[in-house]
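J.: Got a structure for you, questions after.
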Amino acid sequence: MKKFERFRDVMDEIKKSGAAIYKSPDGSDNLVILYPYSVSYVHSYAQDSRFFLGLAEGKLLGSVCKECGHKYATPRSHCMECGAETDWLELPKEGRVHSWTTCYFGSEEFLKETPFNLVLVEFEGVDTLFMSRLMKAKQDDIYIGMKVRAAFRKKPRYLVSDVYFEPAD
Amino acid sequence: MLRKASGVLTGKQRKVYLIAGGVTKFAKAHPEMDFRLMVKKAYDYAMKDVPKLKAKDIDHTRISYFSDHFARQLKAASMVQDFLGLNPKDSRRIEWGGATGGHCIQAGWETIASGRGDVCMAAGFETMSRVETWKGNEFIALASDTNFDYPNGGFYTGYYALMVQRHIYEFLRKRKFADVRDEKKAQRMAENEAMRIMAMISVKNHTNALHNPYAQFPVKLAVQDALKGEMISYPLNRPSICTMSDGAAVLMLASEDVAFEYTDKPVLIRGVGGGTDTMRLADRPHGSVPLFPWEDEATYESLDYPGVHSFRAGRSAAIEAYRHAGIKDPLNELSFVELHDAYASSEIQTYEDLGLCRYGEGYDFAELGHPFMKGIDYGMKLEHQGTIPVNPSGGLIASGHPVGATGIMQGVFALWQLQGTIGKHFGDDTQQVHDAKLGLIHSHAGTGSSVTVSILEAVR
Ligand SMILES: [Zn+2]
């Protein structure tokens, strides 16, 4: 079996052959193997389902408290402030950038999409924010207060990323 | 909002002390040790420091690790207990995101303070090298809302960048650059200013780590070098972000009845506090600041709080811990702070949460040199160097962040500071805070969704 003194080399080797030996500075030989693990979950959106179905219809749905009137830009079936049940609330398509960043690195699943922009969007008269992607904008274009408009994927994947934002001006 | 008098911390609990600790060197990977052996090494080190303490004297253990995904082994804490030969004693696993280690220490405190036992081990570990960095980012991002946050990009550095961008807007754009009319230009100026100050913090923590043999990234940096680092998530670049580590840390806690039998330098846990906030950043309220007793409502009249710019959980944890410890002036009463600087930005935000300065003053506080160590050459001119050293160990940025061990590592370093034994354990006393009397440790989970603050006191 192949033996390496650099752990990086061990990691490269096990992707090819499945096993390698790491010789550590203390002189010991350590057998390292590749151990795959994957799973597909049965995932119900339960009480939040209408939000995801809404995205497929080009609607952005938040929540409004039946008791205290608090308005949320995300689905919350029960109010965080008073505990009462909420109603669905259709959010405006247009909002403003409350905060933003451009990511040049990320998780494995999204690495191929880098660089991408994340934004927190604020809507007039709504008490909380909404996290999303901002497309069609480069780092230098973006600023807090910038007007943005929601856009929806033509073929829904029933993920929150079925909605994204674009500059509105 | 916290009620004025909490029923929990009446001061009637038994006093609890830290009596010994041990840490493995934090490293990118430790393929020659599995998690059990890492904990065993830290455990043996702690036991050797208090030779009168025998395994049979340990009544309970609390063992922390963050991620089942990194471990690929459920009930890994049972295997630690087993490996250390501590069965059949009472034990449990503690997990609370990035604040796992801080919660583990407080779980040990609760075990002894309640009278359930006299000696409790708090141990923690993480083995993050078992996947590539980008997969690790994915695992960590599973600690954000997987329906609403993760599918947008699943990247914690991105979330913290969103938070600091708003912090920069509130406290630099609206104040220091209030006169600049062009909105975009003003924001860019404020961001550049923040990046310069974050680079100073990166230099501070990397320099502090030069004298810490347990640290993963001791390196002499200049502010210009730190500014040139690879951009990861604007405005956070690589030198202002901690990386992933393998490591373990162990603390021994004891009641007042027995602590002095094992050591003549125990360190009192004088106060504990905890706080929480919404899992989704988007759901954070825009209300008013929970105030310390010495603060005035008028100070923050125009500030929507916490929004995404500040950590309400950190402020709440500090309020509880200060009340419990009887602290009225943290800046002057505390000798040092070890806080959760997973990002240089969160170090600045945390100065404010902990009341080392007011909200909005964090950038100035850093720039003036207050959180730097006295007597160390950081290669920059600092007007008020060393008012209160923050992260004299190098913090997470330079020591490393093996999540389940991190909060306990802070506790071990703080214990040694307060015992005055940094020289003994580091083999170099450069980072010893002179005459340290009171220390604060701060452990923080996912975008501030939970935070612990513990106050430690030298009794020698
Ligand atoms: Zn309500």
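Chain lettering (A, B, ...) mirrors the order of the structure tokens, residue numbering begins at 1 for each chain separately, and ligand numbering begins at 1 in order of display.
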Could you list, as a ChimeraX atom specification, all the residues within 8 Å of ligand 1, counting only C-alpha atoms and all ligand atoms?

T.: /A:64-70,78-86

J.: For chain A, which residues have at least one atom within 7 Å of chain B, if we go by only C-alpha atoms? Write them as a list in words, please.

T.: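 Per the criterion, chain A yields Ser24, Asn30, Ser99, Trp100, Thr101, Thr102, Cys103, Tyr104, Phe105, Gly106, Ser107, Glu108, Phe110, Leu120, Thr128, Leu129, Phe130, Met131, Ser132, Arg133, Tyr143, Leu159, Val160 and Ser161 of chain A.
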
J.: What does the file look like for those residues with N, CA, C and O atoms, as a JSON list (two decimals), in the first residue's frame?

T.:
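Saved to result_38.json:
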```
[["chain", "number", "residue", "atom", "x", "y", "z"],
["A", 24, "SER", "N", 3.13, 9.50, 10.18],
["A", 24, "SER", "CA", 3.08, 10.77, 10.93],
["A", 24, "SER", "C", 4.45, 11.12, 11.47],
["A", 24, "SER", "O", 5.33, 10.26, 11.55],
["A", 30, "ASN", "N", -0.37, 5.07, 9.94],
["A", 30, "ASN", "CA", -1.81, 5.15, 10.19],
["A", 30, "ASN", "C", -2.58, 4.84, 8.92],
["A", 30, "ASN", "O", -2.41, 5.52, 7.91],
["A", 99, "SER", "N", -28.99, 44.10, 3.89],
["A", 99, "SER", "CA", -27.56, 43.80, 4.00],
["A", 99, "SER", "C", -27.21, 42.83, 2.89],
["A", 99, "SER", "O", -28.10, 42.21, 2.29],
["A", 100, "TRP", "N", -25.91, 42.71, 2.59],
["A", 100, "TRP", "CA", -25.51, 41.89, 1.44],
["A", 100, "TRP", "C", -24.07, 41.45, 1.58],
["A", 100, "TRP", "O", -23.30, 42.00, 2.37],
["A", 101, "THR", "N", -23.71, 40.43, 0.79],
["A", 101, "THR", "CA", -22.31, 40.00, 0.68],
["A", 101, "THR", "C", -22.13, 39.28, -0.66],
["A", 101, "THR", "O", -23.11, 38.82, -1.26],
["A", 102, "THR", "N", -20.89, 39.20, -1.11],
["A", 102, "THR", "CA", -20.56, 38.37, -2.26],
["A", 102, "THR", "C", -19.66, 37.24, -1.78],
["A", 102, "THR", "O", -18.63, 37.50, -1.16],
["A", 103, "CYS", "N", -20.07, 35.99, -2.03],
["A", 103, "CYS", "CA", -19.33, 34.82, -1.56],
["A", 103, "CYS", "C", -18.44, 34.26, -2.67],
["A", 103, "CYS", "O", -18.93, 33.98, -3.77],
["A", 104, "TYR", "N", -17.17, 34.12, -2.36],
["A", 104, "TYR", "CA", -16.21, 33.58, -3.33],
["A", 104, "TYR", "C", -15.84, 32.13, -3.02],
["A", 104, "TYR", "O", -15.05, 31.51, -3.72],
["A", 105, "PHE", "N", -16.38, 31.62, -1.94],
["A", 105, "PHE", "CA", -16.11, 30.26, -1.49],
["A", 105, "PHE", "C", -17.40, 29.79, -0.84],
["A", 105, "PHE", "O", -18.31, 30.59, -0.63],
["A", 106, "GLY", "N", -17.50, 28.49, -0.55],
["A", 106, "GLY", "CA", -18.73, 28.05, 0.08],
["A", 106, "GLY", "C", -18.74, 26.56, 0.33],
["A", 106, "GLY", "O", -17.70, 25.92, 0.34],
["A", 107, "SER", "N", -19.93, 26.03, 0.50],
["A", 107, "SER", "CA", -20.11, 24.60, 0.70],
["A", 107, "SER", "C", -19.92, 23.88, -0.62],
["A", 107, "SER", "O", -20.12, 24.46, -1.68],
["A", 108, "GLU", "N", -19.63, 22.60, -0.53],
["A", 108, "GLU", "CA", -19.42, 21.78, -1.72],
["A", 108, "GLU", "C", -20.57, 21.93, -2.71],
["A", 108, "GLU", "O", -20.36, 22.15, -3.90],
["A", 110, "PHE", "N", -22.54, 24.29, -3.38],
["A", 110, "PHE", "CA", -22.71, 25.55, -4.09],
["A", 110, "PHE", "C", -21.41, 26.12, -4.65],
["A", 110, "PHE", "O", -21.41, 27.22, -5.20],
["A", 120, "LEU", "N", -30.11, 40.14, 2.43],
["A", 120, "LEU", "CA", -31.28, 40.17, 3.31],
["A", 120, "LEU", "C", -32.13, 41.31, 2.77],
["A", 120, "LEU", "O", -31.65, 42.44, 2.63],
["A", 128, "THR", "N", -39.87, 41.86, 9.60],
["A", 128, "THR", "CA", -38.63, 41.07, 9.53],
["A", 128, "THR", "C", -38.15, 40.98, 8.08],
["A", 128, "THR", "O", -38.77, 41.53, 7.17],
["A", 129, "LEU", "N", -37.06, 40.27, 7.87],
["A", 129, "LEU", "CA", -36.35, 40.28, 6.59],
["A", 129, "LEU", "C", -36.49, 38.94, 5.87],
["A", 129, "LEU", "O", -37.08, 37.99, 6.38],
["A", 130, "PHE", "N", -35.93, 38.87, 4.66],
["A", 130, "PHE", "CA", -35.95, 37.64, 3.89],
["A", 130, "PHE", "C", -34.56, 37.42, 3.28],
["A", 130, "PHE", "O", -34.03, 38.35, 2.67],
["A", 131, "MET", "N", -33.99, 36.23, 3.46],
["A", 131, "MET", "CA", -32.66, 35.94, 2.90],
["A", 131, "MET", "C", -32.80, 35.31, 1.52],
["A", 131, "MET", "O", -33.62, 34.41, 1.33],
["A", 132, "SER", "N", -31.99, 35.79, 0.59],
["A", 132, "SER", "CA", -32.09, 35.27, -0.77],
["A", 132, "SER", "C", -30.78, 35.52, -1.52],
["A", 132, "SER", "O", -29.83, 36.06, -0.97],
["A", 133, "ARG", "N", -30.77, 35.11, -2.79],
["A", 133, "ARG", "CA", -29.66, 35.43, -3.69],
["A", 133, "ARG", "C", -30.00, 36.71, -4.45],
["A", 133, "ARG", "O", -31.16, 36.94, -4.78],
["A", 143, "TYR", "N", -25.39, 47.91, -2.87],
["A", 143, "TYR", "CA", -25.29, 48.75, -1.67],
["A", 143, "TYR", "C", -26.56, 48.60, -0.85],
["A", 143, "TYR", "O", -27.61, 48.18, -1.36],
["A", 159, "LEU", "N", -37.57, 24.48, -3.55],
["A", 159, "LEU", "CA", -36.56, 24.93, -2.59],
["A", 159, "LEU", "C", -36.73, 26.44, -2.44],
["A", 159, "LEU", "O", -37.27, 27.11, -3.33],
["A", 160, "VAL", "N", -36.22, 26.98, -1.33],
["A", 160, "VAL", "CA", -36.34, 28.43, -1.10],
["A", 160, "VAL", "C", -35.64, 29.20, -2.22],
["A", 160, "VAL", "O", -36.01, 30.35, -2.51],
["A", 161, "SER", "N", -34.69, 28.56, -2.87],
["A", 161, "SER", "CA", -33.97, 29.23, -3.96],
["A", 161, "SER", "C", -34.80, 29.28, -5.25],
["A", 161, "SER", "O", -34.32, 29.77, -6.28]]
```

J.: What's the 7 Å shell around range 240-245 of chain B, counting only C-alpha atoms, without same-chain residues fewer than 5 positions away, as a PDB file with C-alpha atoms, in the first residue's frame?

T.:
```pdb
ATOM      1  CA  PHE B  26      -4.917  22.207  17.546  1.00  0.00           C
ATOM      2  CA  ALA B  27      -4.012  21.136  14.023  1.00  0.00           C
ATOM      3  CA  LYS B  28      -5.472  20.828  10.544  1.00  0.00           C
ATOM      4  CA  ALA B  29      -5.467  17.056  11.007  1.00  0.00           C
ATOM      5  CA  THR B 127     -12.361  16.009  14.207  1.00  0.00           C
ATOM      6  CA  MET B 128     -13.049  18.311  11.273  1.00  0.00           C
ATOM      7  CA  SER B 129     -10.228  17.038   9.063  1.00  0.00           C
ATOM      8  CA  MET B 198     -10.527  43.816  11.144  1.00  0.00           C
ATOM      9  CA  ALA B 199      -7.005  43.337   9.747  1.00  0.00           C
ATOM     10  CA  SER B 202      -6.278  39.527  12.755  1.00  0.00           C
ATOM     11  CA  ALA B 342     -14.585  32.877  14.555  1.00  0.00           C
ATOM     12  CA  TYR B 343     -14.479  36.086  12.485  1.00  0.00           C
ATOM     13  CA  ALA B 344     -12.609  39.325  13.226  1.00  0.00           C
ATOM     14  CA  LEU B 396     -10.130  31.048  17.370  1.00  0.00           C
ATOM     15  CA  ILE B 397      -8.594  32.907  14.433  1.00  0.00           C
ATOM     16  CA  ALA B 398      -5.076  31.836  15.391  1.00  0.00           C
ATOM     17  CA  GLY B 400      -8.014  27.050  15.779  1.00  0.00           C
ATOM     18  CA  HIS B 401     -11.659  26.080  16.184  1.00  0.00           C
ATOM     19  CA  PRO B 402     -12.294  22.350  16.735  1.00  0.00           C
TER      20      PRO B 402
END
```

J.: Give the alpha helix (DSSP H) residues of range 23-129 of chain A, as assigned by DSSP on the backbone, as a ChimeraX atom specification.

T.: /A:49-56

J.: Grab the residues selected above and save them as a PDB file, in the first residue's frame with C-alpha atoms.

T.:
```pdb
ATOM      1  CA  SER A  49     -45.779  24.062   2.614  1.00  0.00           C
ATOM      2  CA  ARG A  50     -47.848  26.927   1.169  1.00  0.00           C
ATOM      3  CA  PHE A  51     -44.766  29.121   1.062  1.00  0.00           C
ATOM      4  CA  PHE A  52     -42.989  26.695  -1.277  1.00  0.00           C
ATOM      5  CA  LEU A  53     -46.104  26.107  -3.387  1.00  0.00           C
ATOM      6  CA  GLY A  54     -46.454  29.889  -3.549  1.00  0.00           C
ATOM      7  CA  LEU A  55     -42.982  30.246  -5.055  1.00  0.00           C
ATOM      8  CA  ALA A  56     -44.053  27.954  -7.887  1.00  0.00           C
TER       9      ALA A  56
END
```

J.: Counting only C-alpha atoms, which residue out of A:Met1, A:Lys16, A:Leu111, A:Pro92 sits closest to Gly58 in chain A?

T.: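 So, comparing all the options, the nearest one is A:Pro92.
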
J.: So how far away is CA of Leu440 in chain B from CA of Leu53 in chain B, in Å?

T.: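 Distance between the two atoms: 26.1 Å.
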
J.: Using only C-alpha atoms, can you tell me which of B:Thr61, B:Ser302, B:Thr350, B:Thr111 comes closest to Lys174 in chain B?

T.: B:Ser302

J.: Which residue out of B:Met409, B:Ile422, B:Ala259, B:Ala46 has the minimum interatomic distance to His442 in chain B when only C-alpha atoms are used?

T.: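 Comparing B:Met409, B:Ile422, B:Ala259, B:Ala46 against His442 in chain B, the winner is B:Met409.
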
J.: Name the residues in contact with range 4-6 of chain A at a cut-off of 9 Å, using only C-alpha atoms, excluding same-chain residues fewer than 4 positions from it; report them as JSON, numbers by chain.

T.: {"A": [10, 20, 21, 22, 23, 24, 25]}

J.: Report as a count of residues only all protein, DNA and RNA residues lying within 8 Å of Ile58 in chain B, evaluated on only C-alpha atoms, omitting residues in the same chain fewer than 3 positions from it.

T.: 7

J.: Identify all residues of range 48-91 of chain A in strand (DSSP E) (DSSP on the backbone) and supply them as a count of residues only.

T.: 12
